[in-house]
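Below is entry.cif, which holds mmCIF, C-alpha atoms and all ligand atoms.
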```cif
data_data
loop_
_atom_site.label_atom_id
_atom_site.label_comp_id
_atom_site.auth_asym_id
_atom_site.auth_seq_id
_atom_site.Cartn_x
_atom_site.Cartn_y
_atom_site.Cartn_z
CA MET A 62 -1.93 -4.45 16.77
CA PRO A 63 -4.76 -6.75 15.62
CA PHE A 64 -7.92 -4.92 14.72
CA TYR A 65 -10.04 -6.41 17.51
CA LYS A 66 -7.63 -4.78 19.97
CA CYS A 67 -8.02 -1.44 18.17
CA ILE A 68 -11.76 -1.71 18.46
CA ALA A 69 -11.46 -2.73 22.10
CA SER A 70 -9.38 0.32 22.87
CA ALA A 71 -11.60 2.45 20.66
CA ASP A 72 -14.52 1.35 22.83
CA LYS A 73 -12.55 2.04 25.95
CA PHE A 74 -11.83 5.57 24.79
CA ARG A 75 -15.24 6.20 23.25
CA GLY A 76 -15.89 9.91 23.42
CA ASN A 77 -12.26 10.51 24.33
CA MET A 78 -9.98 11.65 21.53
CA THR A 79 -6.98 9.77 22.91
CA GLY A 80 -8.22 6.68 21.05
CA LEU A 81 -7.51 7.93 17.52
CA ARG A 82 -4.95 5.84 15.65
CA MET A 83 -3.81 5.22 12.11
CA SER A 84 -1.83 2.83 9.94
CA ALA A 85 -0.70 2.97 6.30
CA MET A 86 -0.94 0.42 3.49
CA ASN A 87 0.73 0.11 0.09
CA VAL A 88 -2.36 -0.50 -2.02
CA GLY A 89 -0.67 -0.36 -5.40
CA PRO A 90 3.01 -0.90 -6.12
CA LEU A 91 3.71 0.60 -9.57
CA SER A 92 6.68 0.58 -11.93
CA VAL A 93 6.85 3.80 -13.93
CA ASP A 94 9.11 6.04 -15.96
CA ALA A 95 10.13 8.89 -13.67
CA ASN A 96 8.98 11.45 -16.23
CA LEU A 97 5.42 10.27 -15.63
CA LEU A 98 5.75 11.57 -12.07
CA VAL A 99 8.01 14.58 -12.51
CA ALA A 100 8.16 16.28 -15.91
CA PHE A 101 11.42 15.51 -17.78
CA ALA A 102 12.92 13.46 -14.92
CA PRO A 103 15.20 10.63 -16.16
CA GLY A 104 15.08 6.96 -15.17
CA HIS A 105 12.54 4.45 -13.93
CA LEU A 106 11.02 4.08 -10.46
CA GLU A 107 9.27 1.50 -8.31
CA ILE A 108 6.72 3.40 -6.24
CA PRO A 109 4.06 2.67 -3.63
CA THR A 110 0.48 3.90 -3.57
CA THR A 111 -0.33 4.90 -0.01
CA ALA A 112 -3.71 4.52 1.66
CA ALA A 113 -4.46 4.85 5.38
CA LEU A 114 -6.66 3.11 7.89
CA ILE A 115 -7.85 5.35 10.71
CA VAL A 116 -9.78 4.19 13.75
CA HIS A 117 -11.73 7.01 15.37
CA PRO A 118 -12.79 6.40 18.98
CA THR A 119 -16.36 7.55 18.34
CA TYR A 120 -16.99 7.18 14.62
CA GLY A 121 -15.16 3.94 13.88
CA VAL A 122 -13.19 2.92 10.82
CA VAL A 123 -12.27 5.59 8.28
CA LEU A 124 -10.24 4.98 5.11
CA TRP A 125 -8.05 7.48 3.35
CA ASP A 126 -8.10 6.48 -0.35
CA THR A 127 -8.72 3.00 -1.72
CA GLY A 128 -5.84 2.26 -4.12
CA ILE A 129 -6.12 0.07 -7.19
CA ASN A 130 -8.97 -2.33 -7.93
CA GLY A 131 -8.12 -6.02 -7.43
CA VAL A 132 -9.06 -6.85 -11.03
CA VAL A 133 -5.87 -5.08 -12.15
CA ALA A 134 -3.84 -7.83 -10.45
CA ASP A 135 -5.17 -10.29 -13.05
CA PRO A 136 -3.04 -10.00 -16.23
CA ASP A 137 -5.92 -11.38 -18.30
CA ARG A 138 -8.39 -8.73 -17.17
CA ARG A 139 -6.08 -5.77 -16.50
CA ASP A 140 -6.14 -4.23 -19.99
CA ALA A 141 -9.91 -4.49 -20.31
CA TYR A 142 -10.38 -2.87 -16.90
CA TRP A 143 -7.80 -0.07 -17.05
CA GLY A 144 -7.15 0.27 -20.76
CA ALA A 145 -4.03 -1.19 -22.35
CA ASN A 146 -2.15 2.12 -22.64
CA VAL A 147 -2.61 2.98 -18.99
CA ALA A 148 -1.60 -0.52 -17.90
CA THR A 149 1.59 -0.22 -19.93
CA ALA A 150 2.41 3.26 -18.62
CA PHE A 151 1.82 2.52 -14.92
CA GLY A 152 3.35 -0.97 -14.82
CA PRO A 153 1.23 -2.59 -12.08
CA HIS A 154 3.14 -5.91 -12.47
CA ALA A 155 4.05 -6.07 -8.79
CA PHE A 156 0.43 -5.38 -7.80
CA LYS A 157 -1.09 -8.64 -6.53
CA ARG A 158 -4.62 -9.37 -5.39
CA GLU A 159 -3.45 -9.25 -1.76
CA HIS A 160 -2.41 -5.59 -2.23
CA ALA A 161 -6.00 -4.50 -2.91
CA ILE A 162 -7.47 -2.66 0.03
CA ASP A 163 -10.23 -5.17 0.79
CA ALA A 164 -7.65 -7.97 1.08
CA GLN A 165 -5.36 -5.88 3.31
CA LEU A 166 -8.23 -4.95 5.62
CA GLU A 167 -9.32 -8.57 5.82
CA LYS A 168 -5.84 -9.47 7.06
CA LEU A 169 -6.34 -6.96 9.87
CA GLY A 170 -9.73 -8.46 10.72
CA ILE A 171 -11.76 -5.61 9.19
CA LYS A 172 -14.76 -6.42 7.01
CA PRO A 173 -16.01 -4.03 4.32
CA LYS A 174 -19.15 -3.31 6.34
CA ASP A 175 -16.98 -2.16 9.30
CA VAL A 176 -15.82 0.80 7.20
CA ARG A 177 -17.93 3.85 8.03
CA TYR A 178 -16.26 6.53 5.93
CA VAL A 179 -14.09 6.52 2.84
CA LEU A 180 -12.26 9.79 2.15
CA TYR A 181 -10.84 10.35 -1.33
CA SER A 182 -7.88 12.56 -2.13
CA HIS A 183 -9.19 12.43 -5.71
CA LEU A 184 -10.72 9.86 -8.05
CA HIS A 185 -7.80 8.73 -10.23
CA LEU A 186 -7.54 4.98 -10.82
CA ASP A 187 -4.88 4.46 -8.15
CA HIS A 188 -7.01 6.17 -5.48
CA ALA A 189 -10.63 5.26 -6.24
CA GLY A 190 -10.07 1.65 -7.37
CA GLY A 191 -11.56 0.17 -4.20
CA MET A 192 -14.71 2.34 -4.16
CA SER A 193 -17.10 -0.52 -4.91
CA TYR A 194 -15.73 -2.63 -2.02
CA PHE A 195 -17.51 -0.42 0.53
CA PRO A 196 -21.22 -0.20 -0.31
CA ASP A 197 -22.23 0.66 3.28
CA ALA A 198 -19.77 3.52 3.86
CA ILE A 199 -20.20 7.26 3.44
CA HIS A 200 -17.88 8.34 0.62
CA VAL A 201 -16.43 11.82 1.05
CA VAL A 202 -15.27 13.62 -2.07
CA GLN A 203 -14.93 17.20 -3.26
CA ARG A 204 -17.81 18.26 -5.48
CA ASP A 205 -15.47 19.47 -8.25
CA GLU A 206 -13.78 16.07 -8.30
CA ILE A 207 -16.82 13.81 -8.54
CA ARG A 208 -18.32 15.93 -11.31
CA TYR A 209 -15.08 16.04 -13.27
CA ALA A 210 -14.33 12.33 -12.79
CA LEU A 211 -17.58 11.32 -14.43
CA TRP A 212 -16.97 13.53 -17.46
CA PRO A 213 -13.24 14.30 -17.65
CA ASP A 214 -11.45 16.16 -20.40
CA THR A 215 -10.27 13.78 -23.10
CA TRP A 216 -6.60 14.14 -22.17
CA THR A 217 -7.12 13.27 -18.49
CA SER A 218 -9.77 10.60 -19.11
CA PRO A 219 -7.30 7.65 -19.11
CA VAL A 220 -6.58 8.18 -15.39
CA TYR A 221 -10.27 8.29 -14.43
CA CYS A 222 -11.23 4.62 -14.82
CA GLN A 223 -14.99 4.54 -15.35
CA ASN A 224 -15.02 0.88 -14.23
CA ASP A 225 -14.06 2.10 -10.74
CA PHE A 226 -17.25 4.19 -10.69
CA ARG A 227 -19.69 1.48 -11.71
CA ASP A 228 -21.51 1.60 -8.33
CA ILE A 229 -21.08 5.32 -7.69
CA ARG A 230 -24.76 6.18 -8.03
CA LYS A 231 -25.73 3.56 -5.44
CA LEU A 232 -23.29 4.90 -2.85
CA ASN A 233 -23.90 7.36 -0.06
CA ILE A 234 -21.79 10.26 -1.30
CA LEU A 235 -20.95 13.20 0.93
CA GLU A 236 -20.01 15.98 -1.46
CA ILE A 237 -17.97 18.73 0.11
CA ASP A 238 -16.62 21.96 -1.32
CA GLY A 239 -13.50 23.38 0.27
CA ASP A 240 -11.85 22.68 3.62
CA PHE A 241 -13.88 20.41 5.89
CA ASP A 242 -13.55 19.20 9.49
CA LEU A 243 -15.11 15.76 9.12
CA PHE A 244 -16.38 15.26 12.66
CA GLU A 245 -16.06 18.89 13.82
CA ASP A 246 -13.63 17.68 16.48
CA GLY A 247 -10.32 18.55 14.78
CA THR A 248 -9.24 14.91 14.40
CA LEU A 249 -9.67 14.62 10.62
CA ARG A 250 -9.50 17.78 8.54
CA LEU A 251 -9.69 17.80 4.76
CA LEU A 252 -8.02 20.67 2.89
CA LYS A 253 -9.02 21.31 -0.69
CA THR A 254 -5.79 21.34 -2.68
CA SER A 255 -6.75 21.57 -6.36
CA GLY A 256 -4.06 21.18 -8.97
CA HIS A 257 -3.24 17.53 -9.64
CA ALA A 258 -6.99 17.11 -10.03
CA PRO A 259 -9.81 19.68 -9.89
CA GLY A 260 -11.06 18.51 -6.50
CA HIS A 261 -7.90 17.09 -4.96
CA GLN A 262 -7.74 17.22 -1.16
CA VAL A 263 -5.27 16.30 1.59
CA LEU A 264 -5.99 14.98 5.06
CA ILE A 265 -4.62 16.32 8.33
CA VAL A 266 -4.82 13.69 11.05
CA ASN A 267 -4.48 14.99 14.60
CA LEU A 268 -3.08 12.08 16.58
CA PRO A 269 -3.31 12.32 20.37
CA ASN A 270 0.35 11.49 21.06
CA ARG A 271 2.14 12.25 17.82
CA GLY A 272 0.23 15.39 16.93
CA ARG A 273 -0.72 16.52 13.45
CA ILE A 274 0.44 14.77 10.29
CA CYS A 275 -0.65 15.36 6.71
CA MET A 276 -1.50 12.65 4.22
CA ALA A 277 -0.49 14.75 1.23
CA ALA A 278 -1.63 12.38 -1.54
CA ASP A 279 -0.63 13.64 -5.00
CA THR A 280 0.32 17.23 -4.16
CA GLY A 281 3.69 15.87 -5.26
CA HIS A 282 4.59 12.55 -6.89
CA GLN A 283 8.21 12.52 -5.75
CA ARG A 284 9.99 14.73 -3.24
CA SER A 285 12.21 16.15 -6.01
CA GLY A 286 9.24 17.38 -8.02
CA PHE A 287 7.50 18.74 -4.95
CA ASP A 288 10.58 20.59 -3.66
CA ASN A 289 11.29 22.21 -7.04
CA LEU A 290 7.63 22.88 -7.94
CA VAL A 291 7.91 20.75 -11.08
CA PRO A 292 4.52 19.47 -12.28
CA MET A 293 3.72 15.96 -13.44
CA PRO A 294 2.32 15.58 -16.95
CA TRP A 295 -1.20 14.67 -15.78
CA ASP A 296 -1.59 17.57 -13.37
CA TRP A 297 -4.95 19.06 -14.28
CA SER A 298 -3.81 22.65 -13.64
CA THR A 299 -0.16 23.53 -13.16
CA SER A 300 -1.16 26.99 -11.95
CA ALA A 301 -3.46 25.61 -9.25
CA MET A 302 -0.75 23.07 -8.43
CA SER A 303 1.74 25.88 -7.73
CA MET A 304 -0.69 27.50 -5.30
CA THR A 305 -1.34 24.17 -3.62
CA ARG A 306 2.36 23.43 -3.25
CA MET A 307 3.04 26.79 -1.66
CA ARG A 308 0.24 26.06 0.82
CA MET A 309 1.72 22.61 1.52
CA LYS A 310 5.18 24.07 2.07
CA GLN A 311 3.75 26.48 4.61
CA LEU A 312 2.11 23.50 6.33
CA GLU A 313 5.50 21.78 6.53
CA ARG A 314 7.14 24.95 7.85
CA SER A 315 4.45 25.00 10.52
CA GLY A 316 5.71 21.68 11.80
CA VAL A 317 3.18 19.33 10.20
CA PRO A 318 5.06 16.42 8.56
CA MET A 319 3.58 15.43 5.22
CA PHE A 320 3.63 12.14 3.37
CA LEU A 321 3.33 11.95 -0.42
CA CYS A 322 1.31 9.01 -1.72
CA HIS A 323 3.85 7.77 -4.26
CA ASP A 324 7.17 8.64 -2.62
CA ALA A 325 8.88 5.47 -1.37
CA SER A 326 10.88 7.22 1.35
CA ASP A 327 7.76 8.95 2.68
CA PHE A 328 5.87 5.67 2.75
CA ALA A 329 8.72 3.92 4.57
CA LYS A 330 8.34 6.34 7.50
CA LEU A 331 4.68 5.45 8.08
CA PRO A 332 3.44 2.66 10.38
CA GLN A 333 2.35 -0.37 8.35
CA ASN A 334 1.72 -4.13 8.51
CA GLY A 335 -0.65 -3.75 11.42
CA GLU A 336 1.46 -1.18 13.31
CA PHE A 337 -0.36 1.97 14.35
CA TRP A 338 0.52 5.53 15.24
CA ASP A 339 -1.55 7.09 17.97
ZN ZN B 1 -1.87 8.87 -7.48
#
```
Before anything else, please render the file you have as structure tokens.
Amino acid sequence: MPFYKCIASADKFRGNMTGLRMSAMNVGPLSVDANLLVAFAPGHLEIPTTAALIVHPTYGVVLWDTGINGVVADPDRRDAYWGANVATAFGPHAFKREHAIDAQLEKLGIKPKDVRYVLYSHLHLDHAGGMSYFPDAIHVVQRDEIRYALWPDTWTSPVYCQNDFRDIRKLNILEIDGDFDLFEDGTLRLLKTSGHAPGHQVLIVNLPNRGRICMAADTGHQRSGFDNLVPMPWDWSTSAMSMTRMRMKQLERSGVPMFLCHDASDFAKLPQNGEFWD
């Protein structure tokens, strides 16, 4: 559905939760060795990076993650922006300028200033790349994550791209610590799920017709790793990750379907290309 229709129906349902809807976008196709996603896994994988567009009937446009910065689509600027080693490891060759979140929103008729809130699962370079595209939004991030991202340990520093954070001190940041009901109406609940990163969080969207779903971000990088509790090499704490995964499994057992950011089969189930779930 074109965005103007979403807004029209959002207006119609203003103050009525039946207007909430969401769509997903692949904001960063990557080509990686499987062992980068699941320790010791063989082979090579083409994977998506999932972000979501949510239209709240009262509070407007909300983004879940921002994908990779558009500069990375330019082979001449990619290495300088991301670092040559990271660019080699993550293989963003299929990532084109039109994949960047600002370009995808534009196609749906959404301007950067229409975005009211940006929620971050965490601040790795495939999630926070679009931060500077939304200077007028409120950016919601766990306190542990924003502090760590700006001064990471040496071994995790390659995946926190400081170029993504160049405008961070000019932005309206809403720091949170722990689980958080964004509008105190049960529609968008953030659960702190440390492990992959110190302040990683997942989002539970309560859709009026479909019910609850969980955007599970990087609590697993492939279903196989998630199911077998195998970490990925850049998980900040494998111990915290185990606790998080047990919590996520209980969520699934409770009937809340979850969608991993980089699992192609999970992404394929989500509405995309202007389709919405409500
Ligand atoms: Zn990721």
Coordinates-based distance that separates atom CA of A:Ala134 from atom CA of A:Phe151 (Å, one decimal):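 Pair atom CA of A:Phe151 / atom CA of A:Ala134 returns 12.6 Å.
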For A:His183: contacts at 12 Å, all atoms listed in the file, fewer than 3 positions along chain excluded, given as a VMD selection string: chain A and resid 125 to 128 179 to 180 186 to 190 192 200 to 210 220 to 221 251 to 264 277 to 280 296 to 297 322
Between atom CA of A:Met83 and atom CA of A:Val116 - distance in Å to one decimal: 6.3 Å
Which residue of A:Ser285, A:Asn87, A:Arg227, A:Ala329 approaches ligand ZN 1 (chain B) most closely, using only C-alpha atoms and all ligand atoms: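 Of A:Ser285, A:Asn87, A:Arg227, A:Ala329, the one nearest ligand ZN 1 (chain B) is A:Asn87, counting only C-alpha atoms and all ligand atoms.
Shortest atom-to-atom contact with ligand ZN 1 (chain B) among A:Trp212, A:Trp295, A:Tyr194, A:Phe241: A:Trp295, counting all atoms listed in the file.
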Residues within 8 Å of A:Gly121, all atoms listed in the file, excluding chain neighbours under 3 positions, as a PyMOL selection string: chain A and resi 71+116-118+175-177
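Each of A:Cys222, A:Ile115, A:Val291, A:Leu169 was checked against A:Ala102 using all atoms listed in the file; the smallest atom-to-atom distance is that of A:Val291.
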Option closest in space to A:Val99, from A:Pro318, A:Pro219, A:Pro332, A:Gly286 [counting all atoms listed in the file]: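 Among A:Pro318, A:Pro219, A:Pro332, A:Gly286, it is A:Gly286 that comes nearest to A:Val99.
As for atom CA of A:Ser84 and atom CA of A:Glu245, they are spaced 21.8 Å apart.
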Nearest to ligand ZN 1 (chain B), chosen from A:Val122, A:Ile162, A:Ile129, A:Ala85, with all atoms listed in the file counted in the distances: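 Nearest candidate to ligand ZN 1 (chain B) out of A:Val122, A:Ile162, A:Ile129, A:Ala85: A:Ile129.
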Nearby residues, (-19.6, -0.3, -6.5) file frame, 6 Å, all atoms listed in the file, as a ChimeraX atom specification: /A:193,227-229
Nearest to A:Lys157 by atom-to-atom distance, counting only C-alpha atoms, from A:Met307, A:Leu91, A:Ile265, A:Leu81: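 That would be A:Leu91, the residue with the smallest distance to A:Lys157.
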Since the input is missing atoms for stretch 92-105 of chain A, could you rebuild it with N, CA and C atoms and give the result as a short mmCIF file (atom, residue, chain, number, x, y, z; two decimals), keeping the file's coordinate frame?
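In the end it all went to rebuild_16.cif:
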```cif
data_model
loop_
_atom_site.label_atom_id
_atom_site.label_comp_id
_atom_site.auth_asym_id
_atom_site.auth_seq_id
_atom_site.Cartn_x
_atom_site.Cartn_y
_atom_site.Cartn_z
N SER A 92 5.35 0.51 -11.33
CA SER A 92 6.68 0.58 -11.93
C SER A 92 6.58 1.54 -13.11
N VAL A 93 7.12 2.74 -12.94
CA VAL A 93 6.85 3.80 -13.93
C VAL A 93 8.12 4.53 -14.35
N ASP A 94 8.06 5.10 -15.56
CA ASP A 94 9.11 6.04 -15.96
C ASP A 94 8.99 7.27 -15.07
N ALA A 95 10.15 7.75 -14.59
CA ALA A 95 10.13 8.89 -13.67
C ALA A 95 9.47 10.12 -14.27
N ASN A 96 9.56 10.25 -15.61
CA ASN A 96 8.98 11.45 -16.23
C ASN A 96 7.45 11.44 -16.23
N LEU A 97 6.87 10.32 -15.82
CA LEU A 97 5.42 10.27 -15.63
C LEU A 97 5.04 10.93 -14.31
N LEU A 98 6.00 11.03 -13.42
CA LEU A 98 5.75 11.57 -12.07
C LEU A 98 6.27 12.99 -11.92
N VAL A 99 7.38 13.27 -12.57
CA VAL A 99 8.01 14.58 -12.51
C VAL A 99 8.45 14.91 -13.93
N ALA A 100 7.90 15.99 -14.51
CA ALA A 100 8.16 16.28 -15.91
C ALA A 100 9.66 16.29 -16.21
N PHE A 101 10.05 15.57 -17.24
CA PHE A 101 11.42 15.51 -17.78
C PHE A 101 12.43 14.79 -16.87
N ALA A 102 11.98 14.18 -15.79
CA ALA A 102 12.92 13.46 -14.92
C ALA A 102 13.39 12.18 -15.63
N PRO A 103 14.69 11.84 -15.52
CA PRO A 103 15.20 10.63 -16.16
C PRO A 103 14.99 9.38 -15.29
N GLY A 104 15.05 8.21 -15.93
CA GLY A 104 15.08 6.96 -15.17
C GLY A 104 13.71 6.33 -14.99
N HIS A 105 13.72 5.28 -14.16
CA HIS A 105 12.54 4.45 -13.93
C HIS A 105 12.43 4.24 -12.42
#
```
